[in-house]
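So this block is data_30.txt, compact mmCIF, C-alpha atoms:
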# COMPACT_ATOMS: atom_id res chain seq x y z
CA MET A 200 44.55 42.08 -57.61
CA GLY A 201 42.77 41.28 -54.41
CA LYS A 202 44.52 40.57 -51.16
CA LYS A 203 44.96 36.89 -50.41
CA LEU A 204 43.14 35.83 -47.23
CA PRO A 205 44.88 33.79 -44.56
CA PRO A 206 43.93 30.12 -44.60
CA SER A 207 42.25 30.29 -41.17
CA THR A 208 39.65 32.80 -42.37
CA PRO A 209 36.67 31.24 -44.16
CA THR A 210 35.91 32.62 -47.58
CA ALA A 211 32.52 33.93 -48.56
CA GLY A 212 30.09 31.26 -49.65
CA ARG A 213 32.04 28.43 -48.01
CA ARG A 214 30.28 26.52 -45.14
CA ARG A 215 31.96 27.08 -41.82
CA LYS A 216 33.20 23.95 -40.10
CA GLY A 217 33.05 24.44 -36.37
CA PRO A 218 35.23 22.24 -34.20
CA SER A 219 32.71 22.14 -31.29
CA LEU A 220 30.46 19.33 -32.62
CA ALA A 221 33.02 16.57 -32.35
CA PRO A 222 33.58 16.82 -28.55
CA LEU A 223 29.81 17.03 -27.95
CA SER A 224 29.26 13.92 -30.02
CA ALA A 225 32.00 12.07 -28.18
CA CYS A 226 30.51 13.08 -24.82
CA LYS A 227 27.10 11.81 -25.89
CA ARG A 228 28.58 8.50 -26.99
CA ARG A 229 30.39 8.15 -23.65
CA ARG A 230 27.21 8.66 -21.59
CA THR A 231 25.30 6.18 -23.69
CA HIS A 232 28.09 3.67 -23.18
CA GLU A 233 27.99 4.12 -19.40
CA ALA A 234 24.21 3.63 -19.22
CA SER A 235 24.47 0.59 -21.44
CA GLY A 236 27.13 -0.88 -19.14
CA TRP A 237 24.94 -0.74 -16.02
CA ALA A 238 21.91 -2.07 -17.87
CA SER A 239 23.90 -4.96 -19.34
CA LEU A 240 25.46 -6.35 -16.15
CA PRO A 241 26.36 -10.03 -16.49
CA THR A 242 23.49 -12.25 -15.51
CA ASP A 243 25.49 -14.03 -12.82
CA VAL A 244 26.28 -10.67 -11.16
CA VAL A 245 22.60 -9.70 -11.23
CA HIS A 246 21.63 -13.03 -9.69
CA LEU A 247 24.26 -12.59 -6.97
CA VAL A 248 22.85 -9.16 -6.09
CA THR A 249 19.24 -10.34 -6.08
CA SER A 250 20.04 -13.38 -3.94
CA ARG A 251 21.49 -11.10 -1.27
CA LEU A 252 18.55 -8.72 -1.54
CA LEU A 253 16.03 -11.53 -1.12
CA ALA A 254 17.92 -12.78 1.92
CA GLY A 255 17.25 -9.41 3.54
CA ASP A 256 14.15 -7.59 2.33
CA VAL A 257 11.85 -8.25 -0.61
CA VAL A 258 11.16 -4.50 -0.91
CA ASP A 259 14.80 -3.96 -1.93
CA TYR A 260 14.36 -6.68 -4.54
CA ILE A 261 11.25 -4.95 -5.93
CA VAL A 262 13.13 -1.64 -6.11
CA PHE A 263 16.10 -3.31 -7.83
CA ARG A 264 13.90 -4.75 -10.57
CA ALA A 265 12.29 -1.35 -11.13
CA VAL A 266 15.60 0.26 -12.15
CA CYS A 267 15.71 -0.91 -15.77
CA SER A 268 14.20 -3.43 -18.17
CA GLY A 269 17.48 -5.33 -18.45
CA TRP A 270 17.48 -6.24 -14.78
CA ARG A 271 13.78 -7.14 -14.90
CA SER A 272 14.27 -9.45 -17.87
CA CYS A 273 16.83 -11.67 -16.09
CA THR A 274 15.09 -11.85 -12.68
CA SER A 275 11.86 -13.42 -11.50
CA ASP A 276 8.78 -11.30 -11.02
CA ALA A 277 8.11 -10.48 -7.37
CA ARG A 278 4.38 -10.87 -8.04
CA ASP A 279 4.14 -14.59 -7.41
CA PRO A 280 0.43 -15.32 -8.09
CA THR A 281 0.42 -18.34 -5.76
CA LEU A 282 2.37 -16.74 -2.87
CA SER A 283 4.10 -20.11 -2.54
CA LYS A 284 7.68 -18.77 -2.56
CA PRO A 285 8.70 -17.81 1.01
CA ASP A 286 11.71 -15.82 -0.22
CA LEU A 287 9.25 -13.37 -1.83
CA TRP A 288 7.25 -12.93 1.37
CA PRO A 289 7.70 -9.61 3.23
CA ARG A 290 9.70 -11.20 6.04
CA GLY A 291 10.70 -8.93 8.89
CA TRP A 292 7.86 -6.45 8.30
CA VAL A 293 5.35 -5.92 11.11
CA ALA A 294 2.14 -3.93 10.90
CA LEU A 295 1.79 -0.80 13.00
CA CYS A 296 -1.43 0.08 14.80
CA ASP A 297 -1.88 3.85 14.63
CA GLY A 298 -3.55 4.00 18.03
CA ASP A 299 -6.12 6.58 16.87
CA GLY A 300 -9.13 4.27 16.92
CA VAL A 301 -9.39 4.05 13.09
CA ARG A 302 -9.63 0.48 11.88
CA PRO A 303 -7.36 -0.50 8.96
CA ASP A 304 -10.33 -1.42 6.74
CA ASP A 305 -11.78 2.06 7.28
CA ALA A 306 -8.46 3.80 6.69
CA GLY A 307 -7.63 1.66 3.65
CA GLU A 308 -3.94 1.70 4.55
CA ILE A 309 -1.46 0.18 6.97
CA GLY A 310 1.90 1.40 8.19
CA PHE A 311 4.66 -1.23 8.20
CA PHE A 312 7.90 -1.32 10.15
CA HIS A 313 10.92 -3.49 9.34
CA ALA A 314 12.27 -4.86 12.60
CA ARG A 315 15.84 -5.19 11.30
CA THR A 316 16.39 -2.05 9.23
CA ALA A 317 13.89 0.23 11.07
CA ARG A 318 12.47 1.27 7.69
CA ARG A 319 8.86 2.45 7.78
CA LEU A 320 6.42 2.35 4.87
CA ARG A 321 2.76 3.33 4.70
CA VAL A 322 0.92 1.30 2.08
CA ARG A 323 -2.50 2.05 0.64
CA LEU A 324 -4.48 -1.19 0.40
CA PRO A 325 -7.98 -0.91 -1.10
CA GLU A 326 -8.23 -4.69 -0.62
CA LEU A 327 -8.89 -4.04 3.08
CA LEU A 328 -12.34 -2.67 2.31
CA ARG A 329 -15.12 -4.81 3.86
CA HIS A 330 -12.54 -7.15 5.40
CA ARG A 331 -11.25 -7.80 8.90
CA ILE A 332 -7.64 -8.70 9.67
CA VAL A 333 -7.47 -12.11 11.36
CA GLY A 334 -3.76 -12.85 11.17
CA PHE A 335 -0.24 -12.07 9.96
CA THR A 336 2.43 -14.51 8.80
CA GLN A 337 5.85 -13.26 7.75
CA GLY A 338 4.31 -9.96 6.64
CA LEU A 339 1.42 -11.57 4.72
CA ILE A 340 -2.03 -10.36 5.78
CA ILE A 341 -4.91 -12.79 6.30
CA LEU A 342 -8.32 -11.19 5.75
CA LEU A 343 -11.88 -12.30 6.47
CA ASN A 344 -14.72 -10.91 4.38
CA LYS A 345 -17.30 -9.43 6.74
CA ARG A 346 -20.25 -10.39 4.52
CA THR A 347 -19.32 -13.74 2.92
CA ALA A 348 -16.79 -15.04 5.51
CA ALA A 349 -14.42 -15.85 2.64
CA VAL A 350 -10.71 -15.79 3.50
CA ARG A 351 -7.96 -14.20 1.44
CA VAL A 352 -4.20 -13.80 1.80
CA LEU A 353 -2.72 -10.45 0.74
CA HIS A 354 0.88 -9.51 0.01
CA PRO A 355 0.99 -5.83 1.05
CA PHE A 356 3.81 -4.75 -1.28
CA THR A 357 2.92 -6.60 -4.49
CA ARG A 358 -0.85 -6.63 -3.73
CA VAL A 359 -1.12 -10.22 -4.91
CA VAL A 360 -4.23 -11.87 -3.46
CA VAL A 361 -4.91 -15.58 -3.00
CA ASP A 362 -8.58 -16.33 -2.31
CA LEU A 363 -9.86 -19.25 -0.26
CA PRO A 364 -13.44 -20.51 0.19
CA SER A 365 -15.98 -19.24 2.69
CA LEU A 366 -15.91 -20.43 6.28
CA ILE A 367 -19.71 -20.64 6.55
CA PRO A 368 -20.18 -24.41 5.86
CA VAL A 369 -17.45 -25.63 8.23
CA PHE A 370 -18.36 -22.97 10.77
CA HIS A 371 -21.94 -24.23 11.04
CA ASP A 372 -20.83 -27.88 11.13
CA ALA A 373 -17.86 -27.75 13.51
CA VAL A 374 -17.54 -24.41 15.28
CA ARG A 375 -21.17 -23.50 16.04
CA ASN A 376 -20.21 -20.49 18.14
CA ARG A 377 -20.83 -17.14 16.52
CA ASN A 378 -18.93 -15.21 19.18
CA SER A 379 -15.79 -17.24 18.54
CA LEU A 380 -15.58 -15.71 15.06
CA LEU A 381 -14.59 -12.45 16.72
CA ASP A 382 -11.56 -14.14 18.30
CA MET A 383 -10.60 -16.10 15.19
CA ASN A 384 -6.92 -16.19 14.34
CA ALA A 385 -5.16 -17.64 11.31
CA ALA A 386 -1.73 -18.37 9.83
CA VAL A 387 -0.29 -19.11 6.38
CA CYS A 388 1.52 -22.43 5.81
CA SER A 389 3.12 -24.13 2.82
CA ALA A 390 0.82 -26.78 1.37
CA SER A 391 3.18 -27.75 -1.46
CA ALA A 392 5.85 -26.25 -3.67
CA THR A 393 3.17 -24.44 -5.68
CA SER A 394 0.42 -23.59 -3.19
CA ILE A 395 -0.24 -22.26 0.28
CA ALA A 396 -2.71 -23.20 2.98
CA VAL A 397 -4.43 -21.22 5.71
CA VAL A 398 -4.99 -22.71 9.15
CA ALA A 399 -7.52 -21.03 11.46
CA TRP A 400 -8.41 -21.62 15.10
CA PHE A 401 -11.10 -20.41 17.46
CA PRO A 402 -10.08 -20.04 21.12
CA TRP A 403 -13.52 -20.64 22.62
CA THR A 404 -14.35 -23.79 20.67
CA HIS A 405 -10.95 -25.56 20.54
CA VAL A 406 -11.35 -26.37 16.83
CA VAL A 407 -8.55 -26.07 14.26
CA ILE A 408 -9.53 -25.94 10.58
CA GLY A 409 -7.54 -25.59 7.37
CA ALA A 410 -7.91 -25.06 3.64
CA GLU A 411 -5.49 -25.24 0.75
CA ALA A 412 -5.57 -22.65 -2.02
CA GLY A 413 -7.48 -24.06 -4.97
CA ARG A 414 -9.52 -26.49 -2.86
CA PRO A 415 -13.29 -25.89 -2.63
CA THR A 416 -13.83 -26.43 1.10
CA TRP A 417 -12.33 -26.18 4.56
CA GLU A 418 -11.73 -29.26 6.72
CA VAL A 419 -11.39 -29.89 10.43
CA LEU A 420 -7.74 -30.63 11.22
CA HIS A 421 -7.90 -31.03 15.01
CA PRO A 422 -11.06 -31.08 17.14
CA GLY A 423 -10.95 -30.50 20.88
CA LEU A 424 -7.45 -28.99 21.19
CA PHE A 425 -6.90 -26.32 23.84
CA LEU A 426 -4.19 -24.21 22.21
CA ARG A 427 -2.03 -21.90 24.31
CA SER A 428 0.42 -20.45 21.75
CA ILE A 429 0.75 -20.92 17.98
CA LEU A 430 3.79 -20.42 15.75
CA PRO A 431 4.12 -20.63 11.95
CA PHE A 432 7.72 -21.70 11.27
CA GLN A 433 9.32 -22.71 7.96
CA GLY A 434 5.98 -23.44 6.32
CA ARG A 435 4.65 -25.52 9.21
CA LEU A 436 2.46 -24.70 12.21
CA TYR A 437 3.33 -25.55 15.81
CA ALA A 438 1.48 -24.96 19.08
CA THR A 439 1.61 -25.57 22.79
CA VAL A 440 -1.37 -27.69 23.81
CA ALA A 441 -2.88 -28.09 27.28
CA LYS A 442 -4.44 -31.33 28.47
CA GLY A 443 -5.07 -31.57 32.18
CA ASP A 444 -1.87 -30.64 34.00
CA SER A 445 0.36 -31.58 31.07
CA ARG A 446 1.68 -29.24 28.38
CA LYS A 447 3.20 -30.37 25.10
CA ILE A 448 4.35 -28.93 21.79
CA MET A 449 2.55 -30.30 18.74
CA GLN A 450 2.75 -29.93 14.98
CA LEU A 451 -0.65 -28.78 13.76
CA TYR A 452 0.08 -28.53 10.04
CA PRO A 453 0.77 -30.53 8.02
CA ARG A 454 -0.86 -33.31 9.98
CA SER A 455 1.56 -35.95 11.19
CA PRO A 456 1.08 -39.48 12.55
CA HIS A 457 3.31 -38.42 15.45
CA PRO A 458 2.30 -34.82 16.11
CA VAL A 459 3.77 -34.45 19.62
CA LEU A 460 7.29 -33.03 19.39
CA ALA A 461 8.18 -32.44 23.03
CA HIS A 462 6.69 -32.39 26.53
CA VAL A 463 6.99 -29.14 28.46
CA PRO A 464 8.59 -29.38 31.94
CA ASN A 465 6.04 -29.21 34.72
CA ASN A 466 8.14 -27.86 37.58
CA PHE A 467 7.04 -24.23 37.64
CA GLY A 468 4.07 -24.52 39.95
CA ASP A 469 0.44 -24.80 38.93
CA PRO A 470 0.37 -25.08 35.09
CA SER A 471 -2.94 -23.19 34.98
CA LEU A 472 -1.12 -20.16 36.39
CA CYS A 473 1.68 -20.35 33.81
CA SER A 474 1.70 -18.81 30.34
CA TYR A 475 3.44 -20.38 27.34
CA PHE A 476 4.80 -18.53 24.32
CA LEU A 477 6.31 -19.91 21.11
CA MET A 478 8.35 -17.71 18.77
CA GLU A 479 11.00 -17.85 16.07
CA SER A 480 14.29 -16.29 17.16
CA GLY A 481 17.44 -16.32 15.05
CA GLY A 482 16.31 -19.27 12.94
CA ARG A 483 15.25 -21.50 15.85
CA VAL A 484 12.08 -22.08 17.88
CA LEU A 485 12.03 -20.69 21.41
CA LEU A 486 9.58 -21.51 24.20
CA ALA A 487 9.12 -18.95 26.97
CA ILE A 488 7.30 -19.97 30.16
CA ARG A 489 6.03 -17.22 32.43
CA HIS A 490 5.41 -18.38 35.99
CA LEU A 491 4.78 -16.74 39.33
CA THR A 492 7.42 -16.22 41.95
CA ALA A 493 6.73 -16.17 45.69
CA GLN A 494 4.18 -13.44 46.33
CA HIS A 495 5.03 -10.77 48.88
CA CYS A 496 2.88 -8.02 50.31
CA GLY A 497 3.61 -4.63 48.85
CA VAL A 498 5.20 -6.02 45.70
CA ASP A 499 3.64 -4.92 42.41
CA PRO A 500 2.02 -7.74 40.37
CA PHE A 501 4.42 -7.24 37.45
CA GLN A 502 7.33 -7.94 39.84
CA GLN A 503 5.91 -11.38 40.65
CA ASN A 504 6.57 -12.80 37.17
CA ALA A 505 9.60 -14.88 36.23
CA TYR A 506 10.57 -16.52 32.93
CA LYS A 507 12.25 -19.71 31.81
CA LEU A 508 13.44 -20.10 28.22
CA PHE A 509 13.98 -23.22 26.11
CA ALA A 510 15.11 -23.86 22.53
CA LEU A 511 13.19 -26.58 20.69
CA ASP A 512 15.19 -29.17 18.78
CA ILE A 513 12.53 -30.27 16.30
CA ASP A 514 14.48 -33.23 14.92
CA ARG A 515 15.30 -34.74 18.31
CA GLY A 516 12.18 -33.58 20.12
CA GLU A 517 14.08 -31.96 22.99
CA LEU A 518 13.81 -28.72 24.91
CA ILE A 519 17.23 -27.20 25.64
CA PRO A 520 17.44 -24.56 28.42
CA VAL A 521 18.44 -21.06 27.30
CA ASN A 522 19.96 -18.71 29.90
CA CYS A 523 20.73 -15.68 27.74
CA LEU A 524 19.19 -14.03 24.68
CA GLY A 525 22.36 -12.17 23.72
CA GLY A 526 21.50 -9.17 21.61
CA ARG A 527 17.86 -10.12 21.10
CA ALA A 528 14.62 -9.06 22.79
CA LEU A 529 11.28 -10.89 22.96
CA PHE A 530 7.78 -9.43 22.74
CA LEU A 531 5.22 -11.85 24.13
CA SER A 532 1.47 -12.11 23.77
CA ARG A 533 -1.16 -14.83 23.88
CA ASP A 534 -1.47 -15.51 20.17
CA ARG A 535 1.59 -13.91 18.60
CA SER A 536 5.12 -13.36 19.85
CA LEU A 537 8.07 -11.65 18.24
CA SER A 538 11.86 -11.73 18.51
CA VAL A 539 13.94 -8.75 17.32
CA SER A 540 17.59 -7.78 17.35
CA ALA A 541 18.18 -5.03 19.89
CA ARG A 542 21.39 -4.13 18.04
CA ASP A 543 19.25 -2.91 15.14
CA LEU A 544 16.79 -1.07 17.42
CA PRO A 545 18.76 1.00 19.96
CA SER A 546 15.67 1.95 22.00
CA VAL A 547 14.94 -1.74 22.75
CA ASN A 548 16.77 -3.42 25.65
CA SER A 549 18.77 -6.50 24.73
CA ASN A 550 18.49 -9.78 26.64
CA SER A 551 15.01 -8.68 27.75
CA ILE A 552 11.38 -9.72 27.53
CA TYR A 553 8.53 -7.26 26.89
CA PHE A 554 5.01 -8.26 27.93
CA SER A 555 1.65 -6.89 29.04
CA LEU A 556 -0.55 -7.43 32.07
CA ARG A 557 -4.13 -6.36 32.69
CA ARG A 558 -3.21 -3.04 34.31
CA ASP A 559 0.34 -2.73 32.99
CA PRO A 560 0.33 -2.47 29.19
CA VAL A 561 4.12 -2.44 28.74
CA VAL A 562 6.51 -4.19 31.14
CA VAL A 563 10.14 -5.10 30.41
CA HIS A 564 11.84 -8.00 32.20
CA SER A 565 15.63 -8.34 32.30
CA ILE A 566 16.90 -11.90 31.86
CA ARG A 567 20.20 -11.02 33.51
CA THR A 568 18.84 -9.40 36.70
CA GLY A 569 15.38 -10.97 36.87
CA PHE A 570 13.95 -7.52 37.55
CA SER A 571 10.84 -6.12 35.81
CA GLU A 572 10.07 -2.48 35.10
CA ARG A 573 6.78 -0.83 34.16
CA LEU A 574 7.14 1.37 31.04
CA ALA A 575 3.56 2.60 30.57
CA VAL A 576 0.18 2.86 32.23
CA THR A 577 -3.25 2.04 30.83
CA CYS A 578 -5.17 4.70 28.92
CA GLN A 579 -8.36 3.63 27.16
CA ILE A 580 -9.06 5.62 23.99
CA HIS A 581 -11.74 3.40 22.42
CA ASP A 582 -14.83 1.84 24.01
CA GLY A 583 -15.35 -0.79 21.32
CA LYS A 584 -17.62 1.42 19.22
CA ASP A 585 -16.20 4.93 19.18
CA ARG A 586 -13.08 6.79 20.20
CA ILE A 587 -13.64 8.37 23.61
CA ARG A 588 -10.44 10.44 23.91
CA PRO A 589 -7.55 11.54 21.69
CA SER A 590 -4.68 9.25 20.90
CA VAL A 591 -1.81 9.11 23.40
CA CYS A 592 0.93 9.57 20.79
CA PRO A 593 3.84 9.50 20.48
CA PHE A 594 4.42 5.75 20.77
CA THR A 595 7.77 4.09 21.28
CA ILE A 596 9.01 1.23 19.12
CA ALA A 597 8.35 -1.11 22.05
CA ASP A 598 4.73 0.10 22.15
CA HIS A 599 4.27 -0.63 18.45
CA LEU A 600 5.89 -4.07 18.54
CA LEU A 601 3.90 -5.16 21.57
CA THR A 602 0.68 -3.87 20.01
CA TYR A 603 1.44 -5.90 16.88
CA CYS A 604 1.52 -9.00 19.08
CA HIS A 605 -2.01 -8.30 20.40
CA PRO A 606 -4.55 -9.39 17.76
CA HIS A 607 -7.43 -7.71 19.59
CA GLU A 608 -5.90 -4.36 18.63
CA TRP A 609 -6.67 -5.20 15.00

Starting from the coordinates I provided, produce the structure as structure tokens.
Amino acid sequence: MGKKLPPSTPTAGRRRKGPSLAPLSACKRRRTHEASGWASLPTDVVHLVTSRLLAGDVVDYIVFRAVCSGWRSCTSDARDPTLSKPDLWPRGWVALCDGDGVRPDDAGEIGFFHARTARRLRVRLPELLRHRIVGFTQGLIILLNKRTAAVRVLHPFTRVVVDLPSLIPVFHDAVRNRNSLLDMNAAVCSASATSIAVVAWFPWTHVVIGAEAGRPTWEVLHPGLFLRSILPFQGRLYATVAKGDSRKIMQLYPRSPHPVLAHVPNNFGDPSLCSYFLMESGGRVLLAIRHLTAQHCGVDPFQQNAYKLFALDIDRGELIPVNCLGGRALFLSRDRSLSVSARDLPSVNSNSIYFSLRRDPVVVHSIRTGFSERLAVTCQIHDGKDRIRPSVCPFTIADHLLTYCHPHEW
């Protein structure tokens, strides 16, 4: 008789049952369960996350939706075809000028910098081809077609484009100055809950025109206005306007039966020697007035500038003096000014104003001490047609932010 085998030894011809498959199967089920849990977050939790992302940076919202189909299905598409939702605009992003003499439409790309998080992104934009940049509003790019003079608004991160009609008819009827097209500037406003409008102005002709998306033509909004500083704020457009020796703040768009909001104080010397700057800072409108102090022999020109700040109460039509910027810094220019948090950008001085003069490209003025300091000297690298010397890199953050405020650099 044969020897009886122990029960743990498999007999010939019997299929071996290995114990290793069960743990592997359990592990696989556990991983699937974990992935399913993240993908199936409650809708209210997803909406809470996205609301906080949209309050900060739309790029984070775009990245969040790209994680899985479940999160995309319960959130709105960032590609709003009308660009009428301000919470989907690239707020806080400013365009960087490379300083190498290559125009953005030739390069086909733009570098962007987020003034709060210091994040930097370089975006390829074929839509820049055959277009000239004529304005920025909350990160949106306003382009002018070099051949047809048609205007378009471009979202740089979703690449949504809203087209507006050509400027040629209204330009021939109202502007009539071909050279002023080179100094054209524009801003995006909210026309309604479902559409945007573009308002354009020409410094040498004092004409303000506007067009709403979907409308066939442009119209003259304000003829004969001498604009000193323009600010798009909460879907509307405001400006400081000069008339004789008086200066006032007006609402340009939408048109109002009472467009004058406030009168600017006229106790800083000759108004023609003063400069006026409007900007959004911490959710409110600020007015900065640059005026000359008593001139002394041997004192540099940039030391002869002083500033007075006011906060505009739009509802009451009052200008409230401001003596301190706290942790913020201002970057001032003729057509575009910027306010940033110096706490988020350590290389920027808080409670300070950055500005440019003819021979002093970067000057910082301390609100606390009233003292100004030159940070850079002029170095021309482009003669208007070609680059004449290499770029003077590296640039500081202050250089980039101040360049963004100068539309002629674009």

Interatomic distance (Å, one decimal) between atom CA of Ile261 of chain A and atom CA of Val387 of chain A:
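So the two atoms, atom CA of Ile261 of chain A and atom CA of Val387 of chain A, lie 22.0 Å apart.
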
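Between atom CA of Asn465 of chain A and atom CA of Tyr553 of chain A the separation is 23.4 Å.
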
Calculated over only C-alpha atoms, which of the candidates A:Leu460, A:Leu491, A:Met478, A:Val248 has the smallest distance to Asp514 of chain A?
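Among the listed residues, A:Leu460 lies closest to Asp514 of chain A.
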
Atom CA of Phe476 of chain A and atom CA of Leu511 of chain A are how many Å apart?
12.2 Å

Using only C-alpha atoms, determine which residues lie at most 8 Å from Asp362 of chain A, disregarding the query and same-chain residues fewer than 4 positions distant; provide the list as number ranges by chain.
A: 349-352, 412

Show me, as lines of an AutoDock Vina configuration file, the centre and edge lengths in Å to one decimal of the axis-aligned box that covers every listed atom of segment 429-432 of chain A with 5 Å on each side.
center_x = 4.2
center_y = -21.1
center_z = 14.6
size_x = 17.0
size_y = 11.3
size_z = 16.7

Shortest interatomic distance to Val463 of chain A - which of A:Leu327, A:Ala386, A:Ala528, A:Leu518, counting only C-alpha atoms:
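Of A:Leu327, A:Ala386, A:Ala528, A:Leu518, the one nearest Val463 of chain A is A:Leu518, counting only C-alpha atoms.
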
Select from segment 421-446 of chain A every residue with an atom at most 10 Å from any atom of segment 531-551 of chain A, then for each give the shortest pair of atoms and their distance in Å to one decimal, using all atoms listed in the file, rows by chain and rising number, as a tab-separated table.
residue	atom	partner	partner_atom	distance
A:Leu426	CA	A:Asp534	CA	9.3
A:Arg427	CA	A:Arg533	CA	7.1
A:Ser428	CA	A:Asp534	CA	5.5
A:Ile429	CA	A:Asp534	CA	6.2
A:Leu430	CA	A:Arg535	CA	7.4
A:Pro431	CA	A:Arg535	CA	9.8
A:Ala438	CA	A:Asp534	CA	10.0

A:Arg414, A:Asn378, A:Leu343, A:Leu295: which is nearest Phe594 of chain A, counting only C-alpha atoms?
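For Phe594 of chain A, the nearest of the given residues is A:Leu295.
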
Smallest atom-to-atom distance to His354 of chain A: which of A:Val407, A:Val374, A:Leu287, A:Ala392, using all atoms listed in the file?
A:Leu287

Which residues are near Val262 of chain A? Cut-off 12 Å, only C-alpha atoms, ignore same chain within fewer than 5 positions. Put them as an mmCIF file with C-alpha atoms, in the frame of the given file.
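Contents of out16.cif, freshly written:
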data_model
loop_
_atom_site.group_PDB
_atom_site.id
_atom_site.type_symbol
_atom_site.label_atom_id
_atom_site.label_comp_id
_atom_site.auth_asym_id
_atom_site.auth_seq_id
_atom_site.Cartn_x
_atom_site.Cartn_y
_atom_site.Cartn_z
ATOM 1 C CA THR A 249 19.240 -10.340 -6.080
ATOM 2 C CA LEU A 252 18.550 -8.720 -1.540
ATOM 3 C CA LEU A 253 16.030 -11.530 -1.120
ATOM 4 C CA ASP A 256 14.150 -7.590 2.330
ATOM 5 C CA VAL A 257 11.850 -8.250 -0.610
ATOM 6 C CA CYS A 267 15.710 -0.910 -15.770
ATOM 7 C CA TRP A 270 17.480 -6.240 -14.780
ATOM 8 C CA ARG A 271 13.780 -7.140 -14.900
ATOM 9 C CA ASP A 276 8.780 -11.300 -11.020
ATOM 10 C CA ALA A 277 8.110 -10.480 -7.370
ATOM 11 C CA PHE A 356 3.810 -4.750 -1.280
ATOM 12 C CA THR A 357 2.920 -6.600 -4.490
#

Hey, what's within 12 Å of Ile341 of chain A if we count all atoms listed in the file and toss same-chain stuff fewer than 4 positions away? As a ChimeraX atom specification, please?
/A:326-327,330-337,349-355,360-363,383-388,396-399,606,609

Can you tell me, as a PyMOL selection string, what residues are no more than 10 Å from Val369 of chain A when counting only C-alpha atoms, ignoring any on the same chain fewer than 6 positions away?
chain A and resi 375+408-409+416-419

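The residue that comes closest to Asp469 of chain A, out of A:Ser445, A:Lys584, A:Ser571, A:Arg454 and on the basis of only C-alpha atoms, is A:Ser445.
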
Near-Ala510 of chain A list (7 Å; all atoms listed in the file; drop same-chain fewer than 4 positions) as a PyMOL selection string
chain A and resi 484-486+518-521
